[in-house]
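Peer 1: Handing over coords_3.csv, CSV, C-alpha atoms and all ligand atoms.
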```csv
chain,number,residue,atom,x,y,z
X,282,MET,CA,118.9,99.9,-269.4
X,283,ARG,CA,118.8,102.3,-272.3
X,284,ILE,CA,120.8,101.2,-275.4
X,285,LEU,CA,121.4,103.3,-278.4
X,286,ILE,CA,122.2,101.3,-281.6
X,287,THR,CA,123.8,103.1,-284.5
X,288,GLY,CA,123.4,101.5,-287.9
X,289,ALA,CA,120.2,99.9,-286.5
X,290,ASP,CA,118.9,99.0,-290.0
X,291,GLY,CA,122.2,97.3,-291.1
X,292,GLN,CA,122.8,93.5,-291.0
X,293,LEU,CA,123.9,93.5,-287.4
X,294,GLY,CA,121.7,96.4,-286.3
X,295,CYS,CA,118.5,94.5,-287.3
X,296,GLU,CA,119.6,91.4,-285.3
X,297,LEU,CA,120.5,93.6,-282.4
X,298,GLN,CA,117.0,95.1,-282.4
X,299,ARG,CA,115.6,91.6,-282.3
X,300,VAL,CA,117.9,90.1,-279.6
X,301,LEU,CA,117.8,93.2,-277.4
X,302,SER,CA,114.0,93.9,-277.8
X,303,GLY,CA,113.6,93.6,-274.0
X,304,TYR,CA,115.7,96.7,-273.4
X,305,ASP,CA,114.8,100.4,-273.8
X,306,LEU,CA,116.2,100.8,-277.4
X,307,VAL,CA,117.0,104.1,-279.2
X,308,LEU,CA,117.7,103.6,-282.9
X,309,GLY,CA,120.3,105.8,-284.6
X,310,LEU,CA,119.1,105.8,-288.2
X,311,TRP,CA,120.4,107.7,-291.2
X,312,PRO,CA,119.6,110.4,-292.2
X,313,ASP,CA,118.4,111.6,-288.7
X,314,PHE,CA,121.6,110.2,-287.3
X,315,ASP,CA,124.4,110.9,-289.7
X,316,LEU,CA,128.0,110.1,-288.7
X,317,LEU,CA,129.2,112.8,-291.1
X,318,LYS,CA,127.4,115.5,-289.2
X,319,ALA,CA,128.1,117.2,-285.8
X,320,GLU,CA,124.4,116.7,-284.9
X,321,ALA,CA,125.1,112.9,-284.4
X,322,GLU,CA,126.7,113.9,-281.1
X,323,ARG,CA,123.6,115.8,-280.1
X,324,VAL,CA,121.3,112.8,-280.9
X,325,ILE,CA,123.3,110.6,-278.5
X,326,LEU,CA,123.5,113.2,-275.8
X,327,GLU,CA,119.7,113.8,-275.9
X,328,ALA,CA,119.0,110.1,-275.8
X,329,LYS,CA,121.0,109.7,-272.5
X,330,PRO,CA,121.9,106.1,-273.2
X,331,ASP,CA,123.6,103.7,-270.7
X,332,VAL,CA,125.2,101.9,-273.6
X,333,VAL,CA,125.9,102.8,-277.2
X,334,ILE,CA,126.4,99.9,-279.6
X,335,HIS,CA,128.1,101.5,-282.6
X,336,ALA,CA,127.3,99.2,-285.6
X,337,ALA,CA,127.0,102.0,-288.3
X,338,ALA,CA,129.9,102.1,-290.7
X,339,TYR,CA,131.1,102.6,-294.2
X,340,THR,CA,131.3,98.9,-295.1
X,341,ASP,CA,132.0,98.8,-298.9
X,342,VAL,CA,135.5,97.4,-299.0
X,343,GLU,CA,135.9,97.8,-302.7
X,344,LYS,CA,134.4,101.3,-303.0
X,345,ALA,CA,136.6,102.5,-300.1
X,346,GLU,CA,139.6,102.2,-302.4
X,347,GLN,CA,138.1,104.9,-304.7
X,348,GLU,CA,136.9,107.1,-301.8
X,349,PRO,CA,139.3,106.6,-298.9
X,350,ASP,CA,138.5,110.0,-297.4
X,351,MET,CA,134.8,109.2,-297.2
X,352,ALA,CA,135.6,105.8,-295.5
X,353,MET,CA,137.9,107.7,-293.0
X,354,ALA,CA,135.2,110.4,-292.4
X,355,VAL,CA,132.5,107.8,-291.5
X,356,ASN,CA,134.6,105.2,-289.8
X,357,ALA,CA,137.2,107.3,-288.0
X,358,GLU,CA,135.8,110.8,-287.6
X,359,GLY,CA,132.2,109.5,-287.2
X,360,THR,CA,133.3,107.0,-284.6
X,361,GLU,CA,135.2,109.7,-282.7
X,362,ARG,CA,132.0,111.7,-282.7
X,363,VAL,CA,130.1,108.8,-281.2
X,364,ALA,CA,132.9,108.2,-278.6
X,365,ARG,CA,132.9,111.8,-277.5
X,366,ALA,CA,129.1,111.8,-277.0
X,367,ALA,CA,129.2,108.4,-275.2
X,368,ALA,CA,132.0,109.7,-272.9
X,369,LYS,CA,130.0,112.9,-272.1
X,370,SER,CA,126.9,110.8,-271.4
X,371,GLY,CA,128.8,108.5,-269.1
X,372,ALA,CA,127.8,105.6,-271.4
X,373,ARG,CA,129.5,102.4,-272.1
X,374,LEU,CA,130.6,102.2,-275.7
X,375,ILE,CA,130.7,99.1,-277.8
X,376,VAL,CA,132.3,99.6,-281.3
X,377,LEU,CA,132.1,97.0,-284.0
X,378,SER,CA,135.3,96.5,-286.0
X,379,THR,CA,136.9,94.1,-288.4
X,380,ASP,CA,139.4,91.3,-289.1
X,381,TYR,CA,140.7,93.6,-291.9
X,382,VAL,CA,142.8,95.5,-289.4
X,383,PHE,CA,145.3,92.6,-289.8
X,384,ASP,CA,147.6,92.0,-292.8
X,385,GLY,CA,147.0,88.2,-292.9
X,386,ARG,CA,150.7,87.2,-292.7
X,387,LYS,CA,150.1,85.1,-289.6
X,388,ARG,CA,149.1,81.4,-289.9
X,389,LEU,CA,147.7,81.0,-286.4
X,390,PRO,CA,144.5,82.8,-285.2
X,391,TYR,CA,145.0,86.5,-284.5
X,392,GLU,CA,144.8,87.4,-280.8
X,393,GLU,CA,143.5,90.7,-279.4
X,394,THR,CA,147.1,91.7,-278.6
X,395,ASP,CA,148.5,91.1,-282.1
X,396,PHE,CA,149.7,94.1,-284.0
X,397,PRO,CA,147.3,95.4,-286.6
X,398,ASN,CA,148.5,96.4,-290.0
X,399,PRO,CA,145.6,96.9,-292.5
X,400,LEU,CA,146.1,96.4,-296.2
X,401,ASN,CA,143.2,98.4,-297.5
X,402,ALA,CA,141.4,101.7,-297.1
X,403,TYR,CA,138.5,100.2,-295.3
X,404,GLY,CA,140.8,98.4,-292.8
X,405,ARG,CA,142.8,101.6,-292.2
X,406,SER,CA,139.6,103.6,-291.5
X,407,LYS,CA,138.3,101.0,-289.1
X,408,LEU,CA,141.6,100.8,-287.2
X,409,GLU,CA,141.7,104.6,-286.9
X,410,GLY,CA,138.1,104.4,-285.6
X,411,GLU,CA,139.2,101.9,-283.0
X,412,ARG,CA,142.0,104.1,-281.8
X,413,ARG,CA,139.9,107.3,-281.6
X,414,ALA,CA,137.1,105.4,-279.7
X,415,LEU,CA,139.6,104.1,-277.2
X,416,ALA,CA,141.2,107.5,-276.8
X,417,ARG,CA,138.0,109.4,-276.4
X,418,CYS,CA,135.8,107.2,-274.3
X,419,PRO,CA,137.2,105.5,-271.1
X,420,ASN,CA,134.5,102.8,-271.1
X,421,THR,CA,135.0,101.4,-274.6
X,422,LEU,CA,134.9,97.8,-275.9
X,423,ILE,CA,136.1,97.2,-279.5
X,424,VAL,CA,134.5,94.0,-280.9
X,425,ARG,CA,136.2,92.8,-284.1
X,426,THR,CA,134.2,90.4,-286.2
X,427,SER,CA,134.6,88.9,-289.7
X,428,TRP,CA,132.7,87.7,-292.8
X,429,LEU,CA,129.3,88.8,-291.4
X,430,TYR,CA,126.0,87.8,-292.9
X,431,GLY,CA,122.5,88.4,-291.8
X,432,LEU,CA,118.9,88.1,-293.0
X,433,HIS,CA,118.7,91.8,-293.8
X,434,GLY,CA,121.0,93.4,-296.3
X,435,LYS,CA,123.4,92.1,-298.9
X,436,ASN,CA,126.1,89.5,-298.1
X,437,PHE,CA,128.1,86.7,-299.5
X,438,VAL,CA,125.7,83.9,-298.5
X,439,LYS,CA,122.7,85.5,-300.2
X,440,THR,CA,124.8,86.4,-303.3
X,441,ILE,CA,126.0,82.8,-303.7
X,442,MET,CA,122.5,81.4,-303.2
X,443,ARG,CA,121.2,83.7,-305.9
X,444,LEU,CA,124.1,83.2,-308.3
X,445,ALA,CA,124.0,79.4,-307.8
X,446,GLY,CA,120.3,79.5,-308.8
X,447,GLU,CA,121.0,81.5,-311.9
X,448,GLN,CA,124.4,80.1,-313.2
X,449,PRO,CA,125.7,76.5,-313.6
X,450,GLU,CA,129.3,77.5,-312.6
X,451,LEU,CA,130.8,79.9,-310.1
X,452,ARG,CA,134.4,81.0,-309.5
X,453,VAL,CA,135.3,81.8,-305.9
X,454,VAL,CA,138.6,82.8,-304.2
X,455,ALA,CA,140.3,79.8,-302.4
X,456,ASP,CA,143.4,81.5,-301.0
X,457,GLN,CA,141.8,83.7,-298.3
X,458,ARG,CA,140.9,82.1,-295.0
X,459,GLY,CA,138.7,83.5,-292.3
X,460,ALA,CA,135.6,82.9,-290.1
X,461,PRO,CA,132.1,83.4,-291.3
X,462,THR,CA,129.9,85.0,-288.6
X,463,HIS,CA,126.1,84.8,-288.4
X,464,ALA,CA,124.8,88.3,-287.5
X,465,GLY,CA,122.2,86.8,-285.1
X,466,ASP,CA,124.9,84.8,-283.3
X,467,LEU,CA,127.0,88.0,-282.9
X,468,ALA,CA,124.0,89.9,-281.6
X,469,SER,CA,123.4,87.2,-279.0
X,470,ALA,CA,127.1,87.3,-278.0
X,471,LEU,CA,126.9,91.1,-277.7
X,472,ALA,CA,123.8,90.7,-275.4
X,473,GLU,CA,125.9,88.5,-273.2
X,474,VAL,CA,128.7,91.1,-273.3
X,475,LEU,CA,126.3,93.5,-271.7
X,476,GLY,CA,126.4,91.4,-268.5
X,477,THR,CA,130.2,91.7,-268.3
X,478,ASP,CA,132.5,94.7,-267.6
X,479,LEU,CA,134.8,93.8,-270.6
X,480,CYS,CA,136.7,96.8,-272.1
X,481,GLY,CA,139.6,97.1,-274.5
X,482,VAL,CA,139.5,94.8,-277.5
X,483,VAL,CA,137.8,91.5,-278.1
X,484,HIS,CA,137.4,89.2,-281.1
X,485,ALA,CA,134.0,87.8,-281.8
X,486,THR,CA,133.6,85.5,-284.8
X,487,GLY,CA,131.9,82.2,-285.7
X,488,SER,CA,133.9,79.2,-284.5
X,489,GLY,CA,136.1,77.3,-287.0
X,490,ASP,CA,137.4,78.7,-290.3
X,491,CYS,CA,137.4,78.2,-294.0
X,492,THR,CA,138.2,79.8,-297.3
X,493,TRP,CA,135.6,81.8,-299.4
X,494,TYR,CA,135.6,78.8,-301.8
X,495,GLU,CA,134.9,76.3,-299.0
X,496,PHE,CA,132.2,78.7,-297.7
X,497,ALA,CA,130.6,78.9,-301.1
X,498,CYS,CA,130.7,75.1,-301.7
X,499,THR,CA,128.9,74.6,-298.3
X,500,ILE,CA,126.3,77.3,-299.1
X,501,VAL,CA,125.5,75.6,-302.4
X,502,SER,CA,125.3,72.2,-300.8
X,503,LEU,CA,123.1,73.2,-297.8
X,504,ALA,CA,120.8,75.2,-300.1
X,505,GLY,CA,120.4,72.0,-302.3
X,506,LEU,CA,121.6,73.9,-305.4
X,507,SER,CA,123.5,72.2,-308.2
X,508,ALA,CA,126.0,74.9,-309.4
X,509,THR,CA,129.6,73.8,-309.6
X,510,VAL,CA,132.0,76.0,-307.7
X,511,HIS,CA,135.6,76.4,-309.0
X,512,PRO,CA,138.4,77.7,-306.9
X,513,ILE,CA,140.4,80.7,-308.1
X,514,THR,CA,143.2,82.8,-306.7
X,515,THR,CA,142.9,86.3,-305.3
X,516,GLU,CA,144.9,87.6,-308.3
X,517,GLU,CA,142.4,86.0,-310.7
X,518,ALA,CA,139.5,87.8,-308.9
X,519,HIS,CA,140.8,91.2,-309.9
X,520,ARG,CA,139.5,93.2,-306.9
X,521,ALA,CA,140.5,96.8,-306.2
X,522,ALA,CA,141.1,96.3,-302.5
X,523,SER,CA,144.0,94.2,-301.3
X,524,ARG,CA,142.7,91.4,-299.1
X,525,PRO,CA,144.6,89.7,-296.3
X,526,PRO,CA,145.1,85.9,-297.0
X,527,TYR,CA,144.5,84.8,-293.4
X,528,THR,CA,142.3,86.6,-290.8
X,529,VAL,CA,141.1,83.9,-288.5
X,530,LEU,CA,140.6,85.5,-285.1
X,531,ALA,CA,141.1,83.8,-281.8
X,532,ASN,CA,138.1,84.7,-279.6
X,533,ARG,CA,140.3,84.3,-276.5
X,534,VAL,CA,139.0,87.1,-274.3
X,535,LEU,CA,135.3,86.3,-275.0
X,536,ALA,CA,135.9,82.6,-274.3
X,537,LYS,CA,137.5,83.5,-271.0
X,538,ALA,CA,134.3,85.4,-270.1
X,539,GLY,CA,132.3,82.3,-271.0
X,540,ILE,CA,130.9,83.6,-274.3
X,541,THR,CA,131.2,81.5,-277.4
X,542,LEU,CA,129.7,81.6,-280.9
X,543,PRO,CA,128.5,78.5,-282.8
X,544,HIS,CA,130.6,76.8,-285.5
X,545,TRP,CA,130.2,78.5,-288.8
X,546,LYS,CA,128.8,75.4,-290.5
X,547,ASP,CA,126.0,75.0,-287.9
X,548,ALA,CA,125.2,78.7,-288.1
X,549,LEU,CA,125.1,78.6,-291.9
X,550,ALA,CA,122.7,75.6,-291.9
X,551,ARG,CA,120.4,77.5,-289.6
X,552,PHE,CA,120.7,80.6,-291.8
X,553,VAL,CA,119.9,78.8,-295.0
X,554,SER,CA,116.6,77.6,-293.4
X,555,GLU,CA,115.9,81.1,-292.0
X,556,VAL,CA,116.5,82.9,-295.3
X,557,ARG,CA,113.6,80.9,-296.8
X,558,THR,CA,111.2,82.4,-294.3
X,559,VAL,CA,111.9,86.0,-295.4
X,560,ALA,CA,110.2,87.8,-298.4
X,561,PRO,CA,111.8,87.1,-301.8
X,562,ALA,CA,112.9,90.7,-302.2
X,563,GLU,CA,115.0,90.4,-299.0
X,564,ARG,CA,116.7,87.2,-300.1
X,565,ALA,CA,118.7,88.6,-303.0
X,601,LIG,N1,129.8,93.0,-293.2
X,601,LIG,C1,131.0,92.4,-292.8
X,601,LIG,O1,131.4,91.4,-293.4
X,601,LIG,C2,131.7,92.9,-291.6
X,601,LIG,C3,132.9,92.2,-291.3
X,601,LIG,C4,133.7,92.7,-290.2
X,601,LIG,C5,133.2,93.8,-289.5
X,601,LIG,N2,132.1,94.4,-289.8
X,601,LIG,C6,131.6,95.6,-289.1
X,601,LIG,O2,130.5,95.2,-288.4
X,601,LIG,C7,129.6,96.4,-288.3
X,601,LIG,C8,128.2,96.0,-288.8
X,601,LIG,O3,128.4,95.6,-290.2
X,601,LIG,P1,127.1,95.4,-291.1
X,601,LIG,O4,127.5,94.3,-292.1
X,601,LIG,O5,125.9,95.2,-290.2
X,601,LIG,O6,127.0,96.7,-291.9
X,601,LIG,P2,125.9,97.2,-292.9
X,601,LIG,O7,124.8,96.2,-293.1
X,601,LIG,O8,126.6,97.8,-294.1
X,601,LIG,O9,125.2,98.4,-292.1
X,601,LIG,C9,125.9,99.6,-291.9
X,601,LIG,C10,124.9,100.6,-291.3
X,601,LIG,O10,125.7,101.8,-291.2
X,601,LIG,C11,124.8,102.9,-291.6
X,601,LIG,N3,125.6,104.0,-292.1
X,601,LIG,C12,126.4,104.1,-293.2
X,601,LIG,N4,126.9,105.3,-293.3
X,601,LIG,C13,126.4,106.0,-292.3
X,601,LIG,C14,126.5,107.4,-291.9
X,601,LIG,N5,127.2,108.3,-292.5
X,601,LIG,N6,125.8,107.8,-290.8
X,601,LIG,C15,125.0,106.9,-290.1
X,601,LIG,N7,124.8,105.6,-290.4
X,601,LIG,C16,125.5,105.2,-291.5
X,601,LIG,C17,124.0,102.2,-292.7
X,601,LIG,O11,122.8,103.0,-293.0
X,601,LIG,P3,122.1,102.9,-294.4
X,601,LIG,O12,121.6,101.5,-294.5
X,601,LIG,O13,121.1,104.0,-294.3
X,601,LIG,O14,123.2,103.1,-295.4
X,601,LIG,C18,123.7,100.9,-292.1
X,601,LIG,O15,122.6,101.0,-291.2
X,601,LIG,C19,130.3,97.5,-289.0
X,601,LIG,O16,131.0,98.3,-288.1
X,601,LIG,C20,131.3,96.8,-289.9
X,601,LIG,O17,132.4,97.6,-290.2
X,601,LIG,C21,131.3,94.0,-290.9
```
Before anything else, please render the file you have as structure tokens.
Peer 2:
Amino acid sequence: MRILITGADGQLGCELQRVLSGYDLVLGLWPDFDLLKAEAERVILEAKPDVVIHAAAYTDVEKAEQEPDMAMAVNAEGTERVARAAAKSGARLIVLSTDYVFDGRKRLPYEETDFPNPLNAYGRSKLEGERRALARCPNTLIVRTSWLYGLHGKNFVKTIMRLAGEQPELRVVADQRGAPTHAGDLASALAEVLGTDLCGVVHATGSGDCTWYEFACTIVSLAGLSATVHPITTEEAHRAASRPPYTVLANRVLAKAGITLPHWKDALARFVSEVRTVAPAERA
């Protein structure tokens, strides 16, 4: 089976390369594969993949508020390009999406059938990408995940580990609840998805949930660091992008297919040991 991975050098893309190494992989890498350019479609058509895993995206939630057109161009128009090419190739399309398609007003885990209502430019661009993918490619699976962290690239876990080593006190938002997801666990779940004929929308996040504050406290403790973490409100954090207060996702469809992801605390403990094995430059 030939699998084309877009965003193959991103957090998830790197883990997909590792987990799917037994397959015939084609890597869609910027700048040869640029979602903003029409040639992206040609790259996919020439590769003749059986499956396209579309992990490339404009992922800077804060910056997207300043350049919403760019976020839309990459995440909606770019995804549409990928979907058109996957459809023409007769390939199955798996598109990564986000918990930020929801407004966070619910207080029970969001199900795949819940109505999305994004609060920020990034969420709007990802939702539009979902819709265009589903409209353009008949064999599409949207996989929504949340609070992703991996060994490669920047993320919350690495940032907290670095800051807690540099500063005695940290302030972290305590009124947003979600589910941290280990990129390696998500990649393994996606490998299992390849053995199913799931299509439509699925949620795929680490099990359990927490606030960013609880997440940070657990990171500091597991890493054996001594910084004190103080809880603050979203308002006190002064961020440009509105953030939904609650985006826990129920992984109902995946669970029905027998696919589960580990609890976020177990995954985090594993990650903290793993991160020590990578080069210091990669840890920051
Ligand atoms: N990170 C999270 O917390 C999170 C949460 C929920 C959902 N997701 C979704 O999960 C997926 C994977 O996220 P991630 O954290 O692995 O993302 P990431 O580390 O930011 O990687 C994104 C990848 O997309 C590539 N890319 C960006 N613009 C591109 C363009 N114009 N053309 C081609 N490639 C481009 C990047 O290439 P360069 O490295 O060359 O820039 C990078 O390889 C994304 O769809 C994201 O929206 C992420």
Peer 1: For the point (134.6, 99.3, -286.5) in the file's frame, write as a ChimeraX atom specification all residues with an atom no more than 12 Å away, counting only C-alpha atoms.
Peer 2: /X:287-288,334-340,352-353,355-361,363,374-382,403-415,422-427,482-484
Peer 1: I need the chosen residues saved as a short mmCIF file (atom, residue, chain, number, x, y, z; two decimals), in the coordinates of the input, with C-alpha atoms.
Peer 2:
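again_10.cif, written as the output of this step:
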```cif
data_model
loop_
_atom_site.label_atom_id
_atom_site.label_comp_id
_atom_site.auth_asym_id
_atom_site.auth_seq_id
_atom_site.Cartn_x
_atom_site.Cartn_y
_atom_site.Cartn_z
CA THR X 287 123.80 103.10 -284.50
CA GLY X 288 123.40 101.50 -287.90
CA ILE X 334 126.40 99.90 -279.60
CA HIS X 335 128.10 101.50 -282.60
CA ALA X 336 127.30 99.20 -285.60
CA ALA X 337 127.00 102.00 -288.30
CA ALA X 338 129.90 102.10 -290.70
CA TYR X 339 131.10 102.60 -294.20
CA THR X 340 131.30 98.90 -295.10
CA ALA X 352 135.60 105.80 -295.50
CA MET X 353 137.90 107.70 -293.00
CA VAL X 355 132.50 107.80 -291.50
CA ASN X 356 134.60 105.20 -289.80
CA ALA X 357 137.20 107.30 -288.00
CA GLU X 358 135.80 110.80 -287.60
CA GLY X 359 132.20 109.50 -287.20
CA THR X 360 133.30 107.00 -284.60
CA GLU X 361 135.20 109.70 -282.70
CA VAL X 363 130.10 108.80 -281.20
CA LEU X 374 130.60 102.20 -275.70
CA ILE X 375 130.70 99.10 -277.80
CA VAL X 376 132.30 99.60 -281.30
CA LEU X 377 132.10 97.00 -284.00
CA SER X 378 135.30 96.50 -286.00
CA THR X 379 136.90 94.10 -288.40
CA ASP X 380 139.40 91.30 -289.10
CA TYR X 381 140.70 93.60 -291.90
CA VAL X 382 142.80 95.50 -289.40
CA TYR X 403 138.50 100.20 -295.30
CA GLY X 404 140.80 98.40 -292.80
CA ARG X 405 142.80 101.60 -292.20
CA SER X 406 139.60 103.60 -291.50
CA LYS X 407 138.30 101.00 -289.10
CA LEU X 408 141.60 100.80 -287.20
CA GLU X 409 141.70 104.60 -286.90
CA GLY X 410 138.10 104.40 -285.60
CA GLU X 411 139.20 101.90 -283.00
CA ARG X 412 142.00 104.10 -281.80
CA ARG X 413 139.90 107.30 -281.60
CA ALA X 414 137.10 105.40 -279.70
CA LEU X 415 139.60 104.10 -277.20
CA LEU X 422 134.90 97.80 -275.90
CA ILE X 423 136.10 97.20 -279.50
CA VAL X 424 134.50 94.00 -280.90
CA ARG X 425 136.20 92.80 -284.10
CA THR X 426 134.20 90.40 -286.20
CA SER X 427 134.60 88.90 -289.70
CA VAL X 482 139.50 94.80 -277.50
CA VAL X 483 137.80 91.50 -278.10
CA HIS X 484 137.40 89.20 -281.10
#
```
Peer 1: Which of these residues is nearest to Tyr391 of chain X, using all atoms listed in the file: X:Leu306, X:Leu479, X:Ala522, X:Ala460?
Peer 2: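 The shortest atom-to-atom distance to Tyr391 of chain X comes from X:Ala460.
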Peer 1: Please, what distance in Å, to one decimal, runs between atom CA of Ala548 of chain X and atom CA of Asp466 of chain X?
Peer 2: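 According to the coordinates, atom CA of Ala548 of chain X and atom CA of Asp466 of chain X are separated by 7.8 Å.
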Peer 1: Could you check which of X:Ile325, X:Ala504, X:Ala366, X:Ala354 is closest to ligand LIG 601 (chain X), using only C-alpha atoms and all ligand atoms?
Peer 2: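 Of all the options, X:Ala354 lies closest to ligand LIG 601 (chain X).
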Peer 1: Find the residue from X:Pro349, X:Pro390, X:Gly291, X:Gly303 that sits nearest to Gly459 of chain X; use only C-alpha atoms when measuring.
Peer 2: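 Among X:Pro349, X:Pro390, X:Gly291, X:Gly303, it is X:Pro390 that comes nearest to Gly459 of chain X.
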Peer 1: Could you tell me how far atom CA of Lys537 of chain X lies from atom O4 of ligand LIG 601 (chain X), in Å and to one decimal?
Peer 2: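 Spanning atom CA of Lys537 of chain X to atom O4 of ligand LIG 601 (chain X) is a straight-line distance of 25.7 Å.
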Peer 1: Which residues come within 7 Å of Val300 of chain X, counting only C-alpha atoms, excluding same-chain residues fewer than 3 positions away, as a list in words?
Peer 2: Glu296, Leu297, Ala468 and Ser469 of chain X
Peer 1: Can you measure atom N3 of ligand LIG 601 (chain X) to atom CA of Ala472 of chain X for me? One decimal in Å is fine.
Peer 2: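 Distance between the two atoms: 21.4 Å.
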Peer 1: Using only C-alpha atoms and all ligand atoms, which of the listed residues (X:Thr462, X:Thr421, X:Gln347, X:Asn398) sits closest to ligand LIG 601 (chain X)?
Peer 2: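 That would be X:Thr462, the residue with the smallest distance to ligand LIG 601 (chain X).
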Peer 1: Which residue gives the smallest distance to ligand LIG 601 (chain X) among X:Arg373, X:Arg443, X:Arg323, X:His463, with only C-alpha atoms and all ligand atoms counted?
Peer 2: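 Among X:Arg373, X:Arg443, X:Arg323, X:His463, it is X:His463 that comes nearest to ligand LIG 601 (chain X).
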Peer 1: Using only C-alpha atoms and all ligand atoms, can you tell me which of X:Asn532, X:Thr486, X:Ser370, X:Asn420 comes closest to ligand LIG 601 (chain X)?
Peer 2: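 Between X:Asn532, X:Thr486, X:Ser370, X:Asn420, the residue approaching ligand LIG 601 (chain X) most closely is X:Thr486.
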Peer 1: What would the list of residues within 8 Å of (123.9, 81.3, -294.3) (file frame) look like as a ChimeraX atom specification, if only C-alpha atoms are what count?
Peer 2: /X:430-431,438-439,463,500,548-553,556
